[in-house]
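Asker: Dropping in data.txt, which is compact mmCIF, C-alpha atoms:
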```
# COMPACT_ATOMS: atom_id res chain seq x y z
CA MET I 13 0.00 0.00 0.00
CA ASP I 14 2.96 2.36 0.44
CA PRO I 15 3.20 3.26 -3.27
CA LEU I 16 -0.55 4.00 -3.29
CA PHE I 17 -0.28 6.30 -0.28
CA ALA I 18 2.69 8.10 -1.88
CA GLU I 19 0.70 8.65 -5.08
CA LEU I 20 -2.28 9.96 -3.12
CA GLU I 21 -0.05 12.47 -1.33
CA ALA I 22 1.31 13.63 -4.68
CA LEU I 23 -2.14 14.29 -6.15
CA MET I 24 -2.97 17.91 -6.86
CA PRO I 25 -5.82 19.22 -4.62
CA ALA I 26 -7.39 21.01 -7.61
CA GLU I 27 -6.74 21.18 -11.34
CA VAL I 28 -4.38 24.05 -12.09
CA TYR I 29 -3.73 24.94 -15.70
CA GLY I 30 -2.49 27.71 -17.92
CA ARG I 31 -2.55 28.12 -21.69
CA VAL I 32 0.08 28.16 -24.42
CA VAL I 33 0.70 31.71 -25.63
CA SER I 34 3.96 31.27 -27.52
CA VAL I 35 6.09 28.56 -29.11
CA GLN I 36 9.66 29.42 -30.07
CA GLY I 37 11.63 26.41 -31.24
CA LEU I 38 11.34 23.99 -28.31
CA LEU I 39 10.44 26.68 -25.79
CA LEU I 40 6.83 26.99 -24.67
CA GLU I 41 5.49 30.08 -22.92
CA ILE I 42 2.55 29.45 -20.60
CA ALA I 43 0.25 32.16 -19.26
CA GLY I 44 -2.07 31.63 -16.32
CA PRO I 45 -1.62 30.94 -12.60
CA ILE I 46 2.15 30.81 -12.76
CA HIS I 47 2.33 31.47 -9.02
CA GLU I 48 1.26 27.81 -8.67
CA MET I 49 4.16 26.64 -10.86
CA SER I 50 7.75 26.33 -9.71
CA VAL I 51 10.98 25.55 -11.53
CA GLY I 52 11.02 21.79 -12.04
CA ALA I 53 7.22 21.43 -12.03
CA LEU I 54 5.70 19.09 -14.62
CA LEU I 55 2.92 20.11 -17.01
CA ALA I 56 0.76 18.11 -19.42
CA VAL I 57 0.18 20.19 -22.56
CA GLU I 58 -2.76 19.32 -24.81
CA SER I 59 -1.81 18.48 -28.38
CA GLY I 60 -4.85 18.92 -30.58
CA GLU I 61 -8.01 16.91 -31.03
CA GLY I 62 -7.69 13.60 -29.19
CA GLY I 63 -3.89 13.66 -29.24
CA LEU I 64 -1.81 12.47 -26.31
CA PRO I 65 -0.64 15.29 -24.05
CA VAL I 66 2.96 16.45 -24.29
CA HIS I 67 4.74 16.51 -20.94
CA ALA I 68 6.90 19.56 -20.27
CA GLU I 69 8.96 20.94 -17.42
CA VAL I 70 9.10 24.50 -16.13
CA VAL I 71 12.67 25.73 -16.62
CA GLY I 72 12.22 29.44 -15.84
CA PHE I 73 10.00 32.50 -15.87
CA ARG I 74 9.87 35.65 -17.96
CA GLU I 75 7.63 38.50 -16.88
CA GLU I 76 4.17 36.93 -16.40
CA ARG I 77 4.85 33.70 -18.23
CA ALA I 78 6.30 30.30 -17.35
CA LEU I 79 8.99 29.01 -19.72
CA CYS I 80 8.73 25.28 -20.39
CA MET I 81 10.57 22.70 -22.45
CA PRO I 82 8.95 19.45 -23.64
CA PHE I 83 10.05 15.87 -23.08
CA ALA I 84 8.92 15.00 -26.62
CA GLY I 85 8.07 16.71 -29.91
CA LEU I 86 5.56 19.55 -30.07
CA GLU I 87 3.53 18.22 -33.01
CA GLY I 88 -0.13 19.14 -32.55
CA VAL I 89 0.46 21.85 -29.91
CA ARG I 90 -1.17 25.14 -30.86
CA MET I 91 -1.94 28.52 -29.34
CA GLY I 92 -4.43 28.34 -26.49
CA CYS I 93 -3.84 24.67 -25.64
CA ARG I 94 -4.23 23.92 -21.95
CA ALA I 95 -1.13 23.16 -19.88
CA VAL I 96 -2.21 21.28 -16.75
CA LEU I 97 0.04 21.18 -13.69
CA VAL I 98 0.49 17.46 -12.84
CA ALA I 99 3.36 17.46 -10.32
CA ARG I 100 5.38 19.97 -8.30
CA GLU I 101 8.64 18.10 -8.99
CA SER I 102 9.97 14.96 -10.68
CA LEU I 103 9.86 11.82 -8.56
CA SER I 104 10.89 8.22 -9.17
CA TYR I 105 10.05 4.94 -7.41
CA PRO I 106 13.03 2.58 -7.92
CA CYS I 107 13.17 -0.82 -6.24
CA ASP I 108 15.31 -3.96 -6.28
CA ALA I 109 13.11 -5.48 -9.02
CA TRP I 110 14.66 -2.97 -11.46
CA LEU I 111 17.81 -5.11 -11.61
CA GLY I 112 18.29 -6.57 -15.07
CA ARG I 113 15.96 -4.02 -16.69
CA VAL I 114 16.41 -1.24 -19.25
CA VAL I 115 14.43 1.97 -18.69
CA ASN I 116 14.09 5.39 -20.27
CA ALA I 117 14.58 8.75 -18.57
CA MET I 118 11.02 8.65 -17.18
CA GLY I 119 11.65 5.31 -15.47
CA GLU I 120 9.50 3.43 -17.99
CA PRO I 121 10.64 -0.01 -19.26
CA ILE I 122 11.87 -0.13 -22.85
CA ASP I 123 13.16 -3.72 -22.92
CA GLY I 124 9.84 -5.35 -23.83
CA ARG I 125 9.75 -7.41 -20.65
CA GLY I 126 6.53 -6.05 -19.21
CA ALA I 127 5.66 -3.51 -16.56
CA LEU I 128 8.18 -2.30 -14.02
CA PRO I 129 7.21 -2.54 -10.33
CA ALA I 130 7.31 0.64 -8.28
CA GLY I 131 9.15 0.97 -5.00
CA GLY I 132 7.42 2.13 -1.86
CA GLU I 133 9.53 5.24 -1.30
CA PRO I 134 9.39 8.18 -3.72
CA ARG I 135 12.77 9.72 -4.52
CA ARG I 136 13.46 13.19 -5.82
CA LEU I 137 15.36 13.15 -9.08
CA ARG I 138 17.32 16.22 -8.00
CA SER I 139 18.18 15.18 -4.48
CA THR I 140 21.16 16.54 -2.59
CA PRO I 141 24.13 14.45 -1.44
CA PRO I 142 24.53 13.58 2.26
CA PRO I 143 26.09 16.38 4.34
CA ALA I 144 29.88 16.36 4.13
CA ASN I 145 30.31 15.85 7.89
CA GLU I 146 28.04 12.75 7.84
CA ARG I 147 29.59 10.96 4.87
CA GLY I 148 31.87 8.00 5.35
CA ARG I 149 35.36 7.76 3.90
CA VAL I 150 36.25 5.86 0.75
CA GLY I 151 36.55 2.13 1.29
CA PRO I 152 39.14 -0.47 0.29
CA PRO I 153 40.42 -0.89 -3.28
CA LEU I 154 37.72 -2.01 -5.72
CA ASP I 155 38.61 -4.67 -8.28
CA LEU I 156 37.53 -3.33 -11.69
CA GLY I 157 38.72 -6.38 -13.62
CA VAL I 158 40.91 -4.22 -15.91
CA ARG I 159 44.64 -4.82 -15.37
CA ALA I 160 45.88 -1.33 -16.32
CA LEU I 161 43.39 0.36 -13.98
CA ASN I 162 43.77 -2.05 -11.07
CA THR I 163 47.54 -1.70 -11.13
CA PHE I 164 48.30 1.91 -12.03
CA VAL I 165 45.02 3.81 -11.38
CA THR I 166 43.62 1.91 -8.40
CA CYS I 167 40.03 2.89 -7.57
CA CYS I 168 38.48 2.58 -4.09
CA GLU I 169 34.87 1.96 -3.07
CA GLY I 170 33.08 5.32 -3.10
CA GLN I 171 35.64 7.05 -5.32
CA ARG I 172 34.62 9.13 -8.36
CA MET I 173 36.70 8.80 -11.51
CA GLY I 174 36.44 10.35 -14.96
CA ILE I 175 37.25 8.58 -18.23
CA PHE I 176 38.48 11.27 -20.65
CA ALA I 177 38.63 10.36 -24.33
CA GLY I 178 37.71 11.49 -27.81
CA SER I 179 35.07 9.76 -29.92
CA GLY I 180 35.83 6.23 -31.09
CA VAL I 181 38.71 5.57 -28.69
CA GLY I 182 36.98 2.80 -26.71
CA LYS I 183 35.15 4.37 -23.75
CA SER I 184 32.04 2.21 -24.11
CA VAL I 185 34.04 -1.02 -24.40
CA LEU I 186 36.05 -0.10 -21.29
CA MET I 187 32.80 0.57 -19.43
CA SER I 188 31.42 -2.82 -20.47
CA MET I 189 34.59 -4.58 -19.28
CA ILE I 190 34.24 -2.91 -15.89
CA ALA I 191 30.50 -3.66 -15.65
CA ARG I 192 31.05 -7.38 -16.29
CA ASN I 193 34.16 -7.90 -14.15
CA MET I 194 33.94 -5.43 -11.25
CA ALA I 195 33.59 -6.59 -7.64
CA ALA I 196 30.73 -4.20 -6.73
CA ASP I 197 27.25 -5.50 -5.82
CA VAL I 198 25.21 -3.53 -8.39
CA ALA I 199 25.91 -1.53 -11.54
CA VAL I 200 23.73 1.40 -12.62
CA ILE I 201 24.61 2.47 -16.17
CA GLY I 202 23.37 5.70 -17.75
CA LEU I 203 23.66 5.98 -21.55
CA ILE I 204 23.15 9.71 -22.07
CA GLY I 205 22.76 10.87 -25.67
CA GLU I 206 23.98 7.50 -26.97
CA ARG I 207 23.63 6.49 -30.61
CA GLY I 208 20.39 4.55 -30.95
CA ARG I 209 21.85 1.67 -32.96
CA GLU I 210 24.59 1.08 -30.35
CA VAL I 211 22.31 0.66 -27.33
CA GLN I 212 21.27 -2.91 -28.14
CA GLU I 213 24.83 -3.82 -29.13
CA PHE I 214 26.11 -2.53 -25.78
CA ILE I 215 23.47 -4.44 -23.80
CA GLU I 216 23.70 -7.75 -25.66
CA ASP I 217 27.34 -7.93 -26.79
CA ASP I 218 29.37 -5.73 -24.45
CA LEU I 219 27.41 -6.03 -21.21
CA GLY I 220 26.12 -9.54 -21.80
CA PRO I 221 23.51 -11.49 -19.81
CA GLU I 222 25.75 -11.85 -16.74
CA GLY I 223 26.48 -8.13 -16.64
CA LEU I 224 22.85 -7.13 -17.23
CA ALA I 225 21.60 -9.44 -14.46
CA ARG I 226 23.12 -7.18 -11.80
CA SER I 227 22.65 -3.88 -13.62
CA VAL I 228 20.04 -1.23 -14.25
CA VAL I 229 20.48 0.53 -17.60
CA VAL I 230 19.00 4.01 -18.15
CA VAL I 231 18.86 5.08 -21.81
CA ALA I 232 18.26 8.44 -23.50
CA THR I 233 19.37 8.37 -27.13
CA SER I 234 20.73 11.35 -29.05
CA ASP I 235 17.45 11.92 -30.92
CA GLU I 236 15.47 12.47 -27.71
CA SER I 237 14.80 15.91 -26.28
CA VAL I 238 17.32 17.76 -24.16
CA LEU I 239 15.12 17.31 -21.10
CA MET I 240 15.09 13.53 -21.57
CA ARG I 241 18.88 13.48 -21.84
CA ARG I 242 19.30 15.61 -18.74
CA GLN I 243 16.69 13.65 -16.78
CA ALA I 244 18.36 10.35 -17.68
CA ALA I 245 21.46 11.54 -15.83
CA TYR I 246 19.38 12.49 -12.77
CA LEU I 247 17.54 9.15 -12.84
CA THR I 248 20.83 7.23 -13.06
CA MET I 249 22.05 8.87 -9.87
CA THR I 250 18.67 8.40 -8.17
CA VAL I 251 18.64 4.64 -8.84
CA ALA I 252 22.23 4.38 -7.61
CA GLU I 253 21.27 6.19 -4.40
CA HIS I 254 18.41 3.72 -3.83
CA PHE I 255 20.78 0.75 -3.83
CA ARG I 256 23.37 2.68 -1.81
CA ASP I 257 20.83 3.38 0.93
CA ALA I 258 20.00 -0.34 0.94
CA GLY I 259 23.58 -0.96 2.06
CA LYS I 260 25.02 -2.08 -1.29
CA ASN I 261 28.26 -1.00 -2.93
CA VAL I 262 27.13 0.44 -6.27
CA MET I 263 29.12 1.10 -9.43
CA CYS I 264 27.47 4.05 -11.20
CA MET I 265 28.66 4.56 -14.77
CA MET I 266 27.53 7.41 -16.98
CA ASP I 267 28.32 7.85 -20.67
CA SER I 268 28.67 10.70 -20.99
CA VAL I 269 28.77 13.73 -18.71
CA THR I 270 29.60 15.89 -21.72
CA ARG I 271 26.21 15.18 -23.30
CA PHE I 272 24.53 16.07 -20.00
CA ALA I 273 26.42 19.38 -20.09
CA MET I 274 25.40 19.96 -23.72
CA ALA I 275 21.75 19.34 -22.84
CA GLN I 276 21.97 21.82 -19.96
CA ARG I 277 23.61 24.33 -22.32
CA GLU I 278 20.68 24.06 -24.74
CA ILE I 279 18.21 24.59 -21.92
CA GLY I 280 20.12 27.60 -20.60
CA LEU I 281 20.44 29.24 -24.01
CA SER I 282 16.71 28.71 -24.68
CA VAL I 283 15.70 30.61 -21.55
CA GLY I 284 18.09 33.47 -22.29
CA GLU I 285 21.20 32.70 -20.25
CA PRO I 286 24.35 34.38 -21.58
CA PRO I 287 26.89 32.00 -23.15
CA THR I 288 30.28 32.07 -21.44
CA SER I 289 33.10 29.60 -22.09
CA LYS I 290 32.69 27.97 -25.55
CA GLY I 291 28.99 28.71 -25.48
CA TYR I 292 28.37 26.90 -22.19
CA THR I 293 26.05 28.80 -19.86
CA PRO I 294 26.76 29.43 -16.15
CA THR I 295 24.19 26.84 -15.01
CA VAL I 296 26.21 24.08 -16.71
CA PHE I 297 29.04 24.63 -14.23
CA THR I 298 26.50 24.83 -11.39
CA GLU I 299 24.72 21.60 -12.30
CA LEU I 300 27.86 19.52 -12.89
CA PRO I 301 29.02 19.47 -9.24
CA ARG I 302 25.43 19.05 -8.03
CA LEU I 303 25.17 15.90 -10.15
CA LEU I 304 28.64 14.44 -9.58
CA GLU I 305 28.76 15.11 -5.82
CA ARG I 306 25.83 12.72 -5.37
CA ALA I 307 28.23 9.83 -6.03
CA GLY I 308 30.60 8.76 -3.30
CA PRO I 309 30.32 7.20 0.16
CA GLY I 310 26.95 7.38 1.85
CA ARG I 311 26.33 8.11 5.49
CA SER I 312 28.45 6.06 7.87
CA GLY I 313 27.10 2.52 8.00
CA SER I 314 25.37 2.62 4.60
CA GLY I 315 26.67 1.59 1.20
CA SER I 316 28.59 3.65 -1.33
CA VAL I 317 28.36 4.82 -4.94
CA THR I 318 31.58 4.45 -6.90
CA GLY I 319 31.29 6.75 -9.91
CA LEU I 320 32.84 6.33 -13.35
CA PHE I 321 31.87 9.19 -15.66
CA THR I 322 33.03 9.41 -19.25
CA VAL I 323 33.93 12.80 -20.68
CA LEU I 324 33.86 13.21 -24.45
CA VAL I 325 36.69 15.67 -25.10
CA GLU I 326 36.01 17.79 -28.18
CA GLY I 327 38.77 17.61 -30.77
CA ASP I 328 40.86 15.48 -28.36
CA ASN I 329 41.43 18.66 -26.34
CA HIS I 330 41.63 17.52 -22.71
CA ASN I 331 41.54 21.13 -21.48
CA GLU I 332 38.19 22.13 -22.99
CA PRO I 333 35.72 23.67 -20.48
CA VAL I 334 33.66 20.61 -19.49
CA ALA I 335 36.70 18.35 -19.17
CA ASP I 336 38.50 20.97 -17.09
CA ALA I 337 35.49 21.46 -14.79
CA VAL I 338 34.86 17.73 -14.31
CA ARG I 339 38.53 17.01 -13.63
CA GLY I 340 38.44 19.50 -10.75
CA ILE I 341 35.35 17.86 -9.21
CA LEU I 342 36.26 14.17 -9.40
CA ASP I 343 38.77 12.13 -7.40
CA GLY I 344 40.87 11.09 -10.35
CA HIS I 345 40.91 10.79 -14.12
CA ILE I 346 41.62 8.06 -16.66
CA VAL I 347 43.00 9.39 -19.94
CA MET I 348 42.46 7.42 -23.14
CA GLU I 349 44.42 8.50 -26.21
CA ARG I 350 43.71 8.05 -29.89
CA ALA I 351 47.40 7.48 -30.70
CA ILE I 352 47.48 4.41 -28.43
CA ALA I 353 44.28 3.04 -30.00
CA GLU I 354 45.72 3.61 -33.49
CA ARG I 355 48.66 1.37 -32.74
CA GLY I 356 46.30 -1.40 -31.66
CA ARG I 357 46.62 -1.47 -27.87
CA TYR I 358 43.28 -1.66 -26.07
CA PRO I 359 42.13 -0.36 -23.69
CA ALA I 360 43.93 2.75 -24.94
CA ILE I 361 44.76 4.09 -21.46
CA ASN I 362 47.73 6.42 -20.99
CA VAL I 363 48.71 5.44 -17.45
CA LEU I 364 51.29 8.25 -17.20
CA LYS I 365 48.59 10.90 -17.63
CA SER I 366 46.01 9.08 -15.50
CA VAL I 367 45.72 9.85 -11.80
CA SER I 368 43.87 8.29 -8.87
CA ARG I 369 43.81 10.61 -5.87
CA THR I 370 43.50 7.69 -3.45
CA MET I 371 46.93 6.39 -4.46
CA PRO I 372 49.36 5.61 -2.90
CA ARG I 373 47.33 5.32 0.32
CA CYS I 374 45.34 2.35 -0.98
CA VAL I 375 48.35 0.46 -2.39
CA PRO I 376 50.35 -1.91 -0.15
CA ASP I 377 53.82 -0.68 0.78
CA ASN I 378 55.53 -3.67 -0.80
CA VAL I 379 53.92 -2.90 -4.18
CA GLN I 380 54.85 0.79 -4.40
CA PRO I 381 58.52 0.26 -5.48
CA LEU I 382 57.19 -1.96 -8.26
CA LEU I 383 54.80 0.72 -9.53
CA ARG I 384 57.41 3.46 -9.26
CA LYS I 385 59.88 1.49 -11.37
CA ALA I 386 57.29 0.61 -14.00
CA ARG I 387 56.18 4.24 -14.29
CA ALA I 388 59.80 5.41 -14.49
CA LEU I 389 60.54 2.98 -17.31
CA MET I 390 57.44 4.03 -19.27
CA ALA I 391 58.24 7.72 -18.74
CA THR I 392 61.83 7.20 -19.89
CA TYR I 393 60.74 5.42 -23.05
CA THR I 394 58.15 8.16 -23.79
CA ASP I 395 60.81 10.88 -23.42
CA MET I 396 63.25 9.08 -25.73
CA GLU I 397 60.71 7.57 -28.11
CA GLU I 398 61.37 9.93 -31.01
CA LEU I 399 65.13 9.38 -30.86
CA ILE I 400 64.67 5.63 -30.59
CA ARG I 401 62.39 5.46 -33.63
CA LEU I 402 64.76 7.63 -35.68
CA GLY I 403 67.70 5.44 -34.71
CA ALA I 404 69.49 8.41 -33.12
CA TYR I 405 69.89 6.68 -29.77
CA LYS I 406 72.89 4.35 -29.46
CA ARG I 407 72.33 1.38 -27.18
CA GLY I 408 74.68 1.37 -24.20
CA SER I 409 74.63 5.15 -23.77
CA ASP I 410 72.30 5.00 -20.75
CA ALA I 411 71.47 1.90 -18.69
CA VAL I 412 67.99 3.19 -17.73
CA VAL I 413 67.05 3.88 -21.34
CA ASP I 414 68.37 0.48 -22.36
CA GLU I 415 66.16 -1.21 -19.77
CA ALA I 416 63.15 0.89 -20.85
CA ILE I 417 63.66 -0.26 -24.44
CA ARG I 418 64.11 -3.88 -23.38
CA ARG I 419 60.93 -3.97 -21.32
CA HIS I 420 58.73 -1.74 -23.53
CA ASP I 421 57.02 -4.50 -25.52
CA ALA I 422 56.33 -6.54 -22.38
CA LEU I 423 54.81 -3.52 -20.63
CA GLU I 424 52.61 -2.79 -23.66
CA THR I 425 51.38 -6.38 -23.59
CA PHE I 426 50.71 -6.09 -19.86
CA LEU I 427 48.62 -2.94 -20.35
CA GLY I 428 46.60 -4.48 -23.18
CA GLN I 429 43.58 -6.66 -22.43
CA SER I 430 40.88 -8.27 -24.53
CA LYS I 431 37.20 -7.53 -23.89
CA GLY I 432 36.43 -10.99 -22.53
CA GLU I 433 39.45 -11.18 -20.21
CA ALA I 434 39.36 -10.36 -16.50
CA SER I 435 42.28 -9.67 -14.17
CA SER I 436 42.28 -9.21 -10.40
CA ILE I 437 44.33 -6.65 -8.49
CA GLU I 438 46.60 -9.29 -6.93
CA ALA I 439 47.17 -11.05 -10.27
CA GLY I 440 48.17 -7.74 -11.84
CA TYR I 441 50.80 -7.10 -9.16
CA VAL I 442 52.23 -10.62 -9.59
CA ASP I 443 52.38 -10.32 -13.39
CA LEU I 444 54.08 -6.92 -13.18
CA ALA I 445 56.62 -8.21 -10.65
CA ASN I 446 57.50 -11.12 -12.93
CA LEU I 447 57.76 -8.78 -15.91
CA LEU I 448 60.21 -6.50 -14.08
CA GLU I 449 62.03 -9.41 -12.43
CA MET I 450 61.32 -8.02 -8.97
CA THR I 451 59.96 -9.71 -5.85
CA LEU I 452 56.96 -8.70 -3.76
CA ALA I 453 58.30 -8.59 -0.22
```
Starting from the file, give its structure as C-alpha cells.
Answerer:
Amino acid sequence: MDPLFAELEALMPAEVYGRVVSVQGLLLEIAGPIHEMSVGALLAVESGEGGLPVHAEVVGFREERALCMPFAGLEGVRMGCRAVLVARESLSYPCDAWLGRVVNAMGEPIDGRGALPAGGEPRRLRSTPPPANERGRVGPPLDLGVRALNTFVTCCEGQRMGIFAGSGVGKSVLMSMIARNMAADVAVIGLIGERGREVQEFIEDDLGPEGLARSVVVVATSDESVLMRRQAAYLTMTVAEHFRDAGKNVMCMMDSVTRFAMAQREIGLSVGEPPTSKGYTPTVFTELPRLLERAGPGRSGSGSVTGLFTVLVEGDNHNEPVADAVRGILDGHIVMERAIAERGRYPAINVLKSVSRTMPRCVPDNVQPLLRKARALMATYTDMEELIRLGAYKRGSDAVVDEAIRRHDALETFLGQSKGEASSIEAGYVDLANLLEMTLA
C-alpha cells in the first residue's frame, strides 16, 4: 500500500492549468496561474483533437509567463492549448526489481519485458548528497577487472573517476569490461545521448547477460529531447542512491557527462542565459558538481556509490571547459588517447597521464617500489621515443634507457587486455613483478 499512499499524497488538490501563448523552437510560454508553478514542475500540454498530451517541465519564468521545455516533440500543440500542472517536482520509485531491466529517462521499461514494479519510497530526481560531515570515507580498493586500472590507477569503493577520451577511442568497451568484471554489488549504467543503434549492441554484446543481471540501464538516445537526456542523468544517480541506501556497494557509470552538459547548455540558451566559455552557460558549471557530488560514500554505515563518468573531449582537447570542470570535481581521471588506439593497444589508457587521488594510500607498501619502477621505465621510453624510432639513440649510452627499451614490448602487452578477459588486483601485481624481475616482499 505504500506506493498508493505516496501517489495519493502527490495528487494535486485542484486542477491548475495555464494556456500556451507562444512557441519558439522547443520553448513553450505558458500564461495563467504561474504562481502555482515552480521551476522543475511538470505540465501536461494538450496536443490537438484527441492527441496524447505532451509533458513539459518548467525551466524558468519571464515577466508573467512560465517558460517550459517538452520531453517529446511539439507536433499538434497550438496557441491556447491547456497546460495542466500534474506534479510539483519529478519523482521516481526505484526498487530492487529494477535489476536486469532497461528503462528510459522517465523510469519506464523499454526492454519489452513487461511492466516495471514501483518501489514504496518516492525519490526526488534532484536530491542533494549527504552532508559532508556525515559521509563516510572511501573504502578499500575495488577490483575493476581491468589490469591497467587495477595496477596503475587503483580505484576505491566510493571514489569518483572520470574517463576522458575522444570519440571512437573505446570508452564504451572499457565501461562494459568494468561492468562485467567489477567486484561491486550492483551496476547502474546511464547511456546519455547515446547512438540509438549502439544501445542494443552494448546491452547484448558488451554487457552480456551476466552483466545485465546485476545492472540497471538508463537510456536516453541522441534523438530524444534535451530534457530527456538531462533527466536520464538524474535518474541514473537516483537509482544508484536507492541501492546505496539499501547498504550495497554500487558502481554508477555514466556515458557521458559531456552530453549532459550539452543538454543543460541548450536549456540555458533557450531561456536566455548568456553563453560564457565555448557557449556553455553558467548553469552548466553549477549543475555539474550538483550531479557528480551525489556519487561517493553514503552516510556512515550505509553503502557507497563508486562513480565512473566518461567525458567526451572535443577535438581530443583535454583542457576544454567541461573536461576541465569535471577534472576538478572528481577524485581522479583516466586518460584514453587516440594514438594508443591507433597502434592497436586496447584499452587505450595512458597510465602516465592518468591519476587516482586515493593512491598511494590504498596500495600496499611492498607494491609501491614496483609501480614506481614501471612508471619510471614508461616515462623514460616516452621521453626518448622519437630518438629511438629515428635510430638516433645508441644502445649502451644510458642503462635506464636500455632497460626501458628492453621492457617496452612486455609492458605494452601487460597494459593491453581483450574484452572478454578479467584480471584481479593481486594477479596484476604478480604479473608486473614477474615482468620487471622483482619480488613482492
Asker: Can you work out which one of I:Val89, I:Ala84, I:Val98, I:Leu156 has the shortest atom-to-atom distance to Ala53 in chain I, counting all atoms listed in the file?
Answerer: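 Once distances to Ala53 in chain I are computed over all atoms listed in the file, the minimum belongs to I:Val98.
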Asker: Determine, counting all atoms listed in the file, which protein, DNA and RNA residues have an atom within 10 Å of an atom of range 444-451 of chain I; residues of the same chain fewer than 3 positions away are not included. Present the result as a VMD selection string.
Answerer: chain I and resid 159 163 378 to 379 381 to 383 385 to 386 415 419 422 to 423 426 to 427 439 to 441
Asker: Which is closer to Gly132 in chain I than all the others in I:Cys107, I:Val412, I:Val70, I:Val317, using all atoms listed in the file?
Answerer: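 Once distances to Gly132 in chain I are computed over all atoms listed in the file, the minimum belongs to I:Cys107.
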Asker: From the set I:Gly112, I:Gly202, I:Gly148, I:Gly124, which residue has the shortest atom-to-atom contact distance to Ser227 in chain I, counting all atoms listed in the file?
Answerer: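 Closest to Ser227 in chain I, using all atoms listed in the file: I:Gly112.
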Asker: Tell me, as a list in words, which residues lie within 6 Å of range 186-197 of chain I, counting only C-alpha atoms; anything in the same chain fewer than 2 positions away does not count.
Answerer: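 Neighbouring residues, sequence-local ones excluded: Asp155, Leu156, Gly157, Lys183, Ser184, Asp218, Leu219, Gly223, Asn261 and Val262 of chain I.
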Asker: Write the selection just made, keeping C-alpha atoms, as a tab-separated table (two decimals), in the coordinates of the input?
Answerer:
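As a result, again02.tsv now contains:
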```tsv
chain	number	residue	atom	x	y	z
I	155	ASP	CA	38.61	-4.67	-8.28
I	156	LEU	CA	37.53	-3.33	-11.69
I	157	GLY	CA	38.72	-6.38	-13.62
I	183	LYS	CA	35.15	4.37	-23.75
I	184	SER	CA	32.04	2.21	-24.11
I	218	ASP	CA	29.37	-5.73	-24.45
I	219	LEU	CA	27.41	-6.03	-21.21
I	223	GLY	CA	26.48	-8.13	-16.64
I	261	ASN	CA	28.26	-1.00	-2.93
I	262	VAL	CA	27.13	0.44	-6.27
```
Asker: Would you work out the distance separating CA of Asp421 in chain I from CA of Ser179 in chain I, expressed in Å to one decimal?
Answerer: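 Answer for the CA of Asp421 in chain I to CA of Ser179 in chain I separation: 26.5 Å.
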Asker: List as JSON lines every residue of range 264-334 of chain I that is in contact with range 340-359 of chain I, defined as an atom at most 12 Å from one of its atoms (using only C-alpha atoms), together with the nearest atom pair and the distance in Å rounded to one decimal, sorted by chain and then rising number.
Answerer:
```
{"residue": "I:Val269", "atom": "CA", "partner": "I:Leu342", "partner_atom": "CA", "distance": 12.0}
{"residue": "I:Phe297", "atom": "CA", "partner": "I:Ile341", "partner_atom": "CA", "distance": 10.5}
{"residue": "I:Thr298", "atom": "CA", "partner": "I:Ile341", "partner_atom": "CA", "distance": 11.5}
{"residue": "I:Glu299", "atom": "CA", "partner": "I:Ile341", "partner_atom": "CA", "distance": 11.7}
{"residue": "I:Leu300", "atom": "CA", "partner": "I:Ile341", "partner_atom": "CA", "distance": 8.5}
{"residue": "I:Pro301", "atom": "CA", "partner": "I:Ile341", "partner_atom": "CA", "distance": 6.5}
{"residue": "I:Arg302", "atom": "CA", "partner": "I:Ile341", "partner_atom": "CA", "distance": 10.1}
{"residue": "I:Leu303", "atom": "CA", "partner": "I:Ile341", "partner_atom": "CA", "distance": 10.4}
{"residue": "I:Leu304", "atom": "CA", "partner": "I:Ile341", "partner_atom": "CA", "distance": 7.5}
{"residue": "I:Glu305", "atom": "CA", "partner": "I:Ile341", "partner_atom": "CA", "distance": 7.9}
{"residue": "I:Arg306", "atom": "CA", "partner": "I:Leu342", "partner_atom": "CA", "distance": 11.3}
{"residue": "I:Ala307", "atom": "CA", "partner": "I:Leu342", "partner_atom": "CA", "distance": 9.7}
{"residue": "I:Gly308", "atom": "CA", "partner": "I:Asp343", "partner_atom": "CA", "distance": 9.7}
{"residue": "I:Thr318", "atom": "CA", "partner": "I:Asp343", "partner_atom": "CA", "distance": 10.5}
{"residue": "I:Gly319", "atom": "CA", "partner": "I:Leu342", "partner_atom": "CA", "distance": 8.9}
{"residue": "I:Leu320", "atom": "CA", "partner": "I:His345", "partner_atom": "CA", "distance": 9.3}
{"residue": "I:Phe321", "atom": "CA", "partner": "I:Leu342", "partner_atom": "CA", "distance": 9.1}
{"residue": "I:Thr322", "atom": "CA", "partner": "I:Ile346", "partner_atom": "CA", "distance": 9.1}
{"residue": "I:Val323", "atom": "CA", "partner": "I:Val347", "partner_atom": "CA", "distance": 9.7}
{"residue": "I:Leu324", "atom": "CA", "partner": "I:Met348", "partner_atom": "CA", "distance": 10.4}
{"residue": "I:Val325", "atom": "CA", "partner": "I:Met348", "partner_atom": "CA", "distance": 10.3}
{"residue": "I:Gly327", "atom": "CA", "partner": "I:Arg350", "partner_atom": "CA", "distance": 10.8}
{"residue": "I:Asp328", "atom": "CA", "partner": "I:Arg350", "partner_atom": "CA", "distance": 8.1}
{"residue": "I:Asn329", "atom": "CA", "partner": "I:Glu349", "partner_atom": "CA", "distance": 10.6}
{"residue": "I:His330", "atom": "CA", "partner": "I:Val347", "partner_atom": "CA", "distance": 8.7}
{"residue": "I:Asn331", "atom": "CA", "partner": "I:Gly340", "partner_atom": "CA", "distance": 11.3}
{"residue": "I:Pro333", "atom": "CA", "partner": "I:Gly340", "partner_atom": "CA", "distance": 10.9}
{"residue": "I:Val334", "atom": "CA", "partner": "I:Gly340", "partner_atom": "CA", "distance": 10.0}
```
Asker: In Å, with one decimal, what is the gap from CA of Ala127 in chain I to CA of Ser316 in chain I?
Answerer: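 Distance reported for this atom pair: 28.4 Å.
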Asker: I need every residue sitting at most 10 Å from the point (9.9, 21.7, -11.6) (coordinates as in the file, all atoms listed in the file considered), written as a ChimeraX atom specification.
Answerer: /I:49-55,68-72,80,99-102,138
Asker: Rank I:Val228, I:Cys168, I:Ala160, I:Ala252 by their smallest atom-to-atom distance to Leu128 in chain I, using all atoms listed in the file, and report the top residue only.
Answerer: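 Of all the options, I:Val228 lies closest to Leu128 in chain I.
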Asker: Which is closer to Val28 in chain I than all the others in I:Phe73, I:Ala95, I:Val66, I:Val57, using all atoms listed in the file?
Answerer: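 Answer, going by the shortest atom-to-atom distance: I:Ala95.
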